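Structure data (compact mmCIF, C-alpha atoms) from run_10.txt:
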```txt
# COMPACT_ATOMS: atom_id res chain seq x y z
CA MET A 25 48.08 12.85 -5.65
CA PRO A 26 50.08 14.46 -8.44
CA MET A 27 48.07 15.12 -11.59
CA SER A 28 50.46 13.04 -13.68
CA LEU A 29 49.33 9.88 -11.88
CA LYS A 30 45.68 10.69 -12.42
CA SER A 31 45.89 9.67 -16.02
CA ASP A 32 46.65 6.12 -14.96
CA TYR A 33 43.06 5.27 -14.16
CA PRO A 34 43.18 1.55 -14.94
CA SER A 35 45.81 0.91 -12.27
CA ALA A 36 44.21 3.11 -9.61
CA SER A 37 42.28 1.46 -6.77
CA ASP A 38 38.52 1.82 -6.48
CA GLU A 39 39.05 4.00 -3.41
CA GLN A 40 41.32 6.34 -5.35
CA LEU A 41 38.93 6.50 -8.28
CA VAL A 42 36.05 7.25 -5.92
CA ALA A 43 38.06 10.05 -4.33
CA TRP A 44 38.80 11.56 -7.74
CA ALA A 45 35.22 11.13 -8.88
CA LYS A 46 34.03 12.91 -5.75
CA ASP A 47 36.07 15.87 -6.95
CA GLY A 48 34.16 15.80 -10.21
CA ASP A 49 36.56 13.66 -12.24
CA THR A 50 34.25 12.00 -14.77
CA GLU A 51 37.05 9.90 -16.25
CA ALA A 52 37.65 8.30 -12.87
CA PHE A 53 33.94 7.62 -12.60
CA GLU A 54 33.88 6.10 -16.07
CA GLU A 55 36.70 3.77 -15.03
CA LEU A 56 34.63 2.65 -12.03
CA ILE A 57 31.71 1.97 -14.34
CA HIS A 58 33.93 0.00 -16.68
CA ARG A 59 35.18 -2.14 -13.80
CA HIS A 60 31.84 -2.92 -12.22
CA ARG A 61 29.26 -2.51 -14.94
CA ASP A 62 28.86 -6.22 -15.68
CA LYS A 63 28.31 -7.10 -12.02
CA ILE A 64 25.74 -4.34 -11.58
CA TYR A 65 24.02 -5.28 -14.80
CA ALA A 66 24.03 -8.98 -13.85
CA ARG A 67 22.42 -8.19 -10.51
CA ALA A 68 19.70 -6.17 -12.26
CA MET A 69 19.26 -8.97 -14.78
CA ILE A 70 18.79 -11.60 -12.05
CA MET A 71 16.15 -9.45 -10.43
CA MET A 72 14.27 -8.21 -13.50
CA ARG A 73 14.76 -11.13 -15.95
CA ASN A 74 14.60 -8.64 -18.78
CA GLU A 75 17.52 -7.17 -20.73
CA GLY A 76 15.85 -3.80 -21.37
CA ASP A 77 14.96 -3.27 -17.72
CA ALA A 78 18.39 -4.47 -16.64
CA VAL A 79 20.22 -2.01 -18.91
CA ASP A 80 17.90 0.82 -17.91
CA LEU A 81 18.11 0.18 -14.17
CA SER A 82 21.84 -0.45 -14.19
CA GLN A 83 22.38 2.89 -15.95
CA GLU A 84 20.02 4.57 -13.51
CA ALA A 85 22.07 3.06 -10.68
CA TRP A 86 25.21 4.72 -12.08
CA VAL A 87 23.41 8.05 -12.35
CA LYS A 88 22.32 7.75 -8.71
CA ALA A 89 25.84 6.76 -7.72
CA TRP A 90 27.25 9.88 -9.36
CA GLN A 91 24.68 12.04 -7.59
CA ARG A 92 25.27 10.41 -4.19
CA LEU A 93 28.98 9.80 -4.42
CA ARG A 94 29.71 12.20 -1.60
CA GLN A 95 27.52 10.08 0.69
CA PHE A 96 29.73 7.05 0.08
CA GLN A 97 32.13 6.96 2.99
CA GLY A 98 33.68 3.56 2.30
CA GLU A 99 31.84 1.59 5.02
CA SER A 100 31.51 -1.17 2.44
CA SER A 101 33.31 -1.77 -0.83
CA PHE A 102 32.29 0.40 -3.74
CA ALA A 103 30.92 -2.68 -5.55
CA THR A 104 28.72 -3.57 -2.56
CA TRP A 105 27.48 0.01 -2.35
CA MET A 106 26.63 -0.10 -6.05
CA THR A 107 24.78 -3.43 -5.87
CA ARG A 108 22.67 -2.03 -3.03
CA ILE A 109 21.72 0.91 -5.23
CA VAL A 110 20.75 -1.24 -8.18
CA ILE A 111 18.85 -3.71 -6.00
CA ASN A 112 16.84 -0.84 -4.50
CA LEU A 113 16.00 0.43 -7.96
CA CYS A 114 14.91 -3.07 -8.99
CA LEU A 115 12.72 -3.39 -5.90
CA ASP A 116 11.11 -0.03 -6.68
CA GLN A 117 10.53 -1.08 -10.26
CA ILE A 118 9.00 -4.40 -9.25
CA ARG A 119 6.72 -2.57 -6.82
CA ARG A 120 5.74 -0.11 -9.51
CA GLN A 121 4.89 -2.86 -11.92
CA LYS A 122 2.90 -4.57 -9.15
CA ARG A 123 4.25 -7.78 -10.51
CA THR A 124 3.60 -9.62 -7.28
CA ARG A 125 -0.15 -9.48 -7.98
CA ALA A 126 0.30 -11.75 -10.94
CA GLU A 127 1.93 -14.30 -8.68
CA SER A 128 -1.11 -15.00 -6.58
CA ILE A 129 -1.46 -18.60 -7.78
CA GLU A 130 2.05 -19.54 -6.77
CA GLU A 131 1.78 -17.68 -3.48
CA LEU A 132 -1.47 -19.46 -2.72
CA GLU A 133 0.24 -22.74 -3.41
CA GLU A 134 2.97 -21.74 -0.99
CA GLU A 135 0.53 -20.66 1.70
CA SER A 136 -1.86 -23.58 1.42
CA GLY A 137 0.89 -26.16 1.16
CA GLY A 138 2.96 -24.73 3.97
CA VAL A 139 6.63 -25.57 4.04
CA GLU A 140 7.59 -29.16 3.66
CA ARG A 141 10.55 -30.65 5.39
CA GLN A 142 11.55 -32.76 2.44
CA MET A 143 14.01 -31.00 0.25
CA PRO A 144 15.85 -32.49 -2.67
CA VAL A 145 19.53 -32.68 -1.98
CA VAL A 146 21.57 -30.91 -4.64
CA GLU A 147 25.17 -31.87 -4.53
CA ASN A 148 27.80 -29.55 -5.86
CA ASN A 149 30.13 -32.26 -7.02
CA PRO A 150 32.16 -31.23 -10.06
CA THR A 151 33.05 -34.81 -10.94
CA GLU A 152 29.43 -35.78 -11.50
CA GLY A 153 28.06 -32.31 -12.01
CA LEU A 154 28.29 -29.61 -14.56
CA GLU A 155 31.09 -27.25 -15.49
CA THR A 156 31.02 -24.08 -13.45
CA GLU A 157 29.75 -21.93 -16.30
CA GLU A 158 27.07 -24.42 -17.18
CA LEU A 159 26.07 -24.62 -13.53
CA ARG A 160 25.79 -20.84 -13.37
CA ARG A 161 23.57 -20.93 -16.42
CA ARG A 162 21.36 -23.64 -14.90
CA ILE A 163 21.05 -21.72 -11.65
CA ASP A 164 20.11 -18.62 -13.60
CA GLU A 165 17.53 -20.63 -15.51
CA ALA A 166 16.06 -22.00 -12.28
CA MET A 167 15.99 -18.54 -10.72
CA GLY A 168 14.08 -17.33 -13.75
CA LYS A 169 11.35 -19.82 -12.88
CA LEU A 170 10.85 -18.38 -9.41
CA THR A 171 8.34 -15.62 -8.86
CA ASP A 172 9.68 -12.10 -8.31
CA ALA A 173 8.71 -12.34 -4.65
CA HIS A 174 10.67 -15.54 -4.06
CA ARG A 175 13.63 -14.62 -6.24
CA THR A 176 13.93 -11.23 -4.53
CA VAL A 177 14.26 -12.80 -1.08
CA LEU A 178 16.73 -15.39 -2.37
CA VAL A 179 18.90 -12.77 -4.11
CA LEU A 180 18.90 -10.47 -1.09
CA HIS A 181 19.92 -13.32 1.18
CA GLU A 182 22.36 -15.31 -0.94
CA PHE A 183 23.99 -12.62 -3.06
CA GLU A 184 23.54 -9.49 -1.01
CA GLY A 185 24.17 -11.34 2.24
CA LEU A 186 21.36 -9.57 4.05
CA GLU A 187 19.90 -10.83 7.31
CA TYR A 188 16.22 -11.69 7.60
CA LYS A 189 15.30 -8.46 9.37
CA GLU A 190 17.09 -6.34 6.77
CA ILE A 191 15.32 -8.19 3.95
CA ALA A 192 11.99 -7.68 5.73
CA LYS A 193 12.69 -3.97 5.98
CA ARG A 194 13.79 -3.60 2.38
CA VAL A 195 10.92 -5.57 0.89
CA GLY A 196 8.27 -4.39 3.35
CA ILE A 197 7.20 -7.81 4.62
CA SER A 198 7.36 -9.59 7.97
CA ILE A 199 10.34 -11.67 9.04
CA GLY A 200 8.04 -14.72 9.03
CA THR A 201 7.20 -14.07 5.38
CA VAL A 202 10.89 -13.68 4.58
CA MET A 203 11.54 -17.09 6.16
CA SER A 204 8.75 -18.88 4.36
CA ARG A 205 9.54 -17.25 1.00
CA LEU A 206 13.18 -18.12 1.38
CA PHE A 207 12.39 -21.71 2.23
CA TYR A 208 9.97 -22.01 -0.65
CA ALA A 209 12.47 -20.44 -3.06
CA ARG A 210 15.19 -22.86 -1.97
CA ARG A 211 12.97 -25.87 -2.16
CA ARG A 212 11.84 -24.84 -5.64
CA MET A 213 15.43 -24.22 -6.72
CA ALA A 214 16.44 -27.63 -5.43
CA THR A 215 13.59 -29.28 -7.30
CA LEU A 216 14.38 -27.41 -10.50
CA LEU A 217 18.07 -28.21 -10.30
CA GLN A 218 17.29 -31.86 -9.62
CA SER A 219 15.10 -32.04 -12.69
CA LEU A 220 17.79 -30.34 -14.78
CA LYS A 221 20.25 -32.91 -13.52
CA ARG A 222 17.86 -35.72 -14.43
CA GLU A 223 17.36 -34.26 -17.91
CA ARG A 224 21.08 -34.20 -18.38
CA SER A 225 21.60 -37.80 -17.34
CA GLU A 226 18.83 -39.08 -19.65
CA MET B 182 6.05 -34.88 12.87
CA LYS B 183 7.72 -31.50 13.23
CA THR B 184 5.88 -28.25 12.72
CA THR B 185 6.33 -25.71 9.96
CA GLU B 186 7.76 -23.39 12.59
CA PHE B 187 10.47 -25.90 13.44
CA THR B 188 11.26 -26.40 9.76
CA LEU B 189 11.81 -22.67 9.43
CA ASP B 190 13.90 -22.77 12.60
CA LEU B 191 16.12 -25.34 10.90
CA GLN B 192 16.55 -22.96 8.00
CA ALA B 193 17.28 -20.09 10.39
CA TYR B 194 19.87 -22.35 12.02
CA VAL B 195 21.57 -22.88 8.65
CA ASP B 196 21.46 -19.14 7.99
CA GLY B 197 22.98 -18.29 11.36
CA GLU B 198 19.87 -16.39 12.40
CA LEU B 199 19.21 -18.12 15.74
CA ASP B 200 20.30 -16.89 19.13
CA ALA B 201 22.41 -19.17 21.33
CA SER B 202 19.53 -20.80 23.22
CA HIS B 203 17.54 -21.53 20.03
CA ARG B 204 20.65 -22.87 18.39
CA ALA B 205 21.30 -25.25 21.27
CA GLU B 206 17.70 -26.42 21.11
CA VAL B 207 17.95 -27.15 17.37
CA GLU B 208 21.23 -28.97 17.86
CA ARG B 209 19.63 -31.20 20.50
CA VAL B 210 16.93 -32.19 18.00
CA LEU B 211 19.44 -32.67 15.19
CA ALA B 212 21.39 -35.14 17.30
CA SER B 213 18.45 -37.53 17.24
CA ASP B 214 16.49 -36.62 14.10
CA ALA B 215 17.94 -37.93 10.84
CA GLU B 216 15.22 -36.26 8.77
CA ALA B 217 16.00 -32.87 10.28
CA ARG B 218 19.72 -33.45 9.66
CA ALA B 219 19.02 -34.26 6.01
CA LEU B 220 17.01 -31.09 5.61
CA VAL B 221 19.75 -29.00 7.20
CA GLU B 222 22.29 -30.60 4.90
CA GLY B 223 20.11 -30.00 1.84
CA LEU B 224 19.64 -26.35 2.75
CA ARG B 225 23.37 -25.89 3.31
CA GLN B 226 24.26 -27.47 -0.01
CA LEU B 227 21.78 -25.43 -1.95
CA SER B 228 22.80 -22.20 -0.29
CA GLU B 229 26.47 -22.91 -0.98
CA LEU B 230 25.75 -23.91 -4.56
CA VAL B 231 23.76 -20.75 -5.32
CA ARG B 232 26.17 -18.40 -3.57
CA THR B 233 29.20 -19.77 -5.35
CA HIS B 234 27.55 -19.82 -8.78
CA GLU B 235 25.96 -16.44 -9.03
CA PRO B 236 24.74 -16.01 -12.60
CA LEU B 237 26.94 -13.70 -14.64
CA ALA B 238 25.91 -11.37 -17.41
CA ARG B 239 27.65 -8.84 -19.60
CA VAL B 240 26.27 -5.45 -20.52
CA PRO B 241 25.08 -5.86 -24.12
CA GLU B 242 26.56 -2.50 -25.13
CA SER B 243 30.04 -1.19 -25.82
CA ARG B 244 31.93 0.64 -23.12
CA GLU B 245 31.66 3.94 -25.01
CA PHE B 246 27.96 3.67 -25.80
CA TYR B 247 27.02 2.61 -22.27
CA TRP B 248 29.00 5.49 -20.79
CA SER B 249 27.59 8.00 -23.25
CA GLN B 250 24.07 7.00 -22.25
CA ILE B 251 24.90 7.43 -18.58
CA GLN B 252 26.48 10.81 -19.29
CA ARG B 253 23.32 11.92 -21.08
CA ARG B 254 21.17 10.80 -18.18
CA ILE B 255 23.39 12.57 -15.66
CA ALA B 256 23.22 15.77 -17.73
CA ALA B 257 19.42 15.46 -18.05
CA ALA B 258 19.11 14.91 -14.30
CA GLU B 259 21.24 17.98 -13.63
CA VAL B 260 19.09 20.09 -15.96
CA ALA B 261 15.96 18.78 -14.24
CA GLU B 262 17.44 19.58 -10.84
CA GLY B 263 18.24 23.07 -12.05
CA ARG B 264 14.65 23.48 -13.18
CA GLU B 265 13.38 22.32 -9.80
CA ALA B 266 15.71 24.71 -8.05
CA ARG B 267 14.37 27.58 -10.13
CA PRO B 268 11.55 28.77 -7.86
CA ALA B 269 14.05 31.20 -6.35
CA SER B 270 14.99 32.62 -9.74
CA GLY B 271 11.30 32.55 -10.70
CA ALA B 272 10.59 34.73 -7.72
CA LEU B 273 13.34 37.08 -8.87
CA ASN B 274 11.75 37.27 -12.30
CA TRP B 275 8.49 38.19 -10.65
CA LEU B 276 10.27 40.87 -8.65
CA ARG B 277 11.79 42.25 -11.84
CA TRP B 278 8.28 42.57 -13.18
CA LEU B 279 7.00 44.05 -9.99
CA ALA B 280 9.62 46.78 -9.68
CA PRO B 281 8.49 48.88 -12.69
CA ALA B 282 4.87 48.27 -11.76
CA LEU B 283 5.58 49.66 -8.31
CA GLY B 284 7.25 52.66 -9.96
CA VAL B 285 4.18 53.36 -12.05
CA ALA B 286 2.00 52.91 -9.00
CA ALA B 287 4.15 55.39 -7.09
CA VAL B 288 3.71 58.00 -9.85
CA ALA B 289 0.02 57.32 -9.84
CA VAL B 290 -0.10 57.78 -6.09
CA PHE B 291 1.73 61.08 -6.44
CA VAL B 292 -0.67 62.30 -9.14
CA VAL B 293 -3.80 61.42 -7.28
CA LEU B 294 -2.48 62.20 -3.82
CA PRO B 295 -5.41 63.70 -1.95
CA ARG B 296 -5.14 67.38 -1.22
CA PRO B 297 -6.02 68.52 2.27
CA GLY B 298 -9.73 69.03 2.51
CA ALA B 299 -10.46 67.31 -0.76
CA GLU B 300 -12.97 64.49 -0.84
CA THR B 301 -11.39 61.09 -1.35
CA PRO B 302 -13.16 58.64 -3.64
CA THR B 303 -13.02 55.03 -2.62
CA LEU B 304 -13.97 53.64 -6.00
CA ALA B 305 -14.87 55.95 -8.84
CA SER B 306 -15.46 55.66 -12.54
CA ASN B 307 -15.22 58.53 -14.93
CA GLY B 308 -15.01 58.61 -18.72
CA PRO B 309 -14.20 61.90 -20.47
CA VAL B 310 -14.10 60.05 -23.73
CA GLU B 311 -16.90 57.66 -24.42
CA ASP B 312 -14.64 54.61 -24.97
CA ALA B 313 -12.19 55.40 -22.22
CA VAL B 314 -12.73 54.17 -18.74
CA SER B 315 -10.85 55.22 -15.70
CA MET B 316 -11.03 53.78 -12.25
CA THR B 317 -9.48 54.92 -9.04
CA PHE B 318 -9.10 52.88 -5.92
CA ARG B 319 -7.98 54.27 -2.64
CA SER B 320 -7.35 52.51 0.60
CA ASP B 321 -7.12 54.93 3.51
CA ALA B 322 -5.98 52.14 5.75
CA ASP B 323 -2.99 51.39 3.53
CA GLY B 324 -2.52 54.98 2.40
CA VAL B 325 -2.54 53.86 -1.25
CA THR B 326 -4.34 55.21 -4.28
CA ILE B 327 -4.29 53.38 -7.61
CA HIS B 328 -5.57 54.88 -10.83
CA TRP B 329 -6.38 52.79 -13.94
CA ILE B 330 -7.03 54.26 -17.34
CA ASN B 331 -8.19 52.03 -20.20
```

Can you present the structure in this file as structure tokens?
Amino acid sequence: MPMSLKSDYPSASDEQLVAWAKDGDTEAFEELIHRHRDKIYARAMIMMRNEGDAVDLSQEAWVKAWQRLRQFQGESSFATWMTRIVINLCLDQIRRQKRTRAESIEELEEESGGVERQMPVVENNPTEGLETEELRRRIDEAMGKLTDAHRTVLVLHEFEGLEYKEIAKRVGISIGTVMSRLFYARRRMATLLQSLKRERSE
Amino acid sequence: MKTTEFTLDLQAYVDGELDASHRAEVERVLASDAEARALVEGLRQLSELVRTHEPLARVPESREFYWSQIQRRIAAAEVAEGREARPASGALNWLRWLAPALGVAAVAVFVVLPRPGAETPTLASNGPVEDAVSMTFRSDADGVTIHWIN
């Protein structure tokens, strides 16, 4: 690639920017950050529920990305590779904070109650529902009411698209626990969204 | 009344986690179980709703500030890595120290080299001046003699 084209970072593809960044081009790397920083930050925010942690871990993810850029061979998109990095950092942070210990009451409730078949039906009908942005906000709000353990499994499955066995490996739990946590998280989400819908119609 | 295990199988069915035989089994039940069908539908709807409405957030810092912070962290990490990688240069520093010491030791060895027939002290102390102390150590096995004078 001629040097003259290198100055046109905004119009370069992610792949091209990654290639330049691998050669030590910090401007190309900065352009990648600019493109994906909100997504990476949002993912950290969903996991951590705390702006300070989300900023810190998202920045740490970019530092790690710079250090490991040569390992990125393009098996997935750059954005996917980045979200995996930030999710791993969030999981480490949650483990460090041992936040799951504080969730014993909710986990006990889950274990003693088992999984119920009944699940509120949440319809995604724009004519009777909320505007997309408002819906996103409500979903975020509901996710904030889940425990870290349940939210983690839900995020890894729904947003990261990971299979049960991969979630089990990442989180360090059995596949059975992944399944029950996922079910519980969904049921809780459905209940929370139903109540939000009721609040709105009142 | 279906078991918890079957309920989780229904979820696994929605998530595409069942093998062909399990899937067929679940589908047989679904054909005749309205409650199971409702649960499957509820799970599908919720999953779709969450996936298509992932919460968004914007970094609460300007592009320049955010990048400058990352740059600082990268630089700090590189310095830290350099420090970690320093054992090799630390060893070289030690060798730089050792080289003159070995030189002095060599001179000392030459000075106190035992003459043929002379008696060799293994550890001796002798003080011509009251405050001065000298010590000599010789190892015949290693062929080394070291002389200290304080």

Measure the distance from atom CA of B:Gly223 to atom CA of B:Leu211 in Å and round it to one decimal.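 Value for the atom CA of B:Gly223-atom CA of B:Leu211 distance: 13.6 Å.
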
In Å to one decimal, how far is atom CA of A:Glu158 from atom CA of A:Leu186? 26.5 Å

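Distances here use only C-alpha atoms; by that measure, the residue among A:Val177, A:Leu216, A:Leu159, A:Val87 closest to A:Ile197 is A:Val177.
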
Mind pulling up the distance from atom CA of A:Leu113 to atom CA of A:Gly76?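 If I compute the distance from atom CA of A:Gly76 to atom CA of A:Leu113, I get 14.1 Å.
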
Which residue is closest to chain A? Choose from B:Arg232, B:Arg264, B:Arg218, B:Arg253 and count only C-alpha atoms. B:Arg232
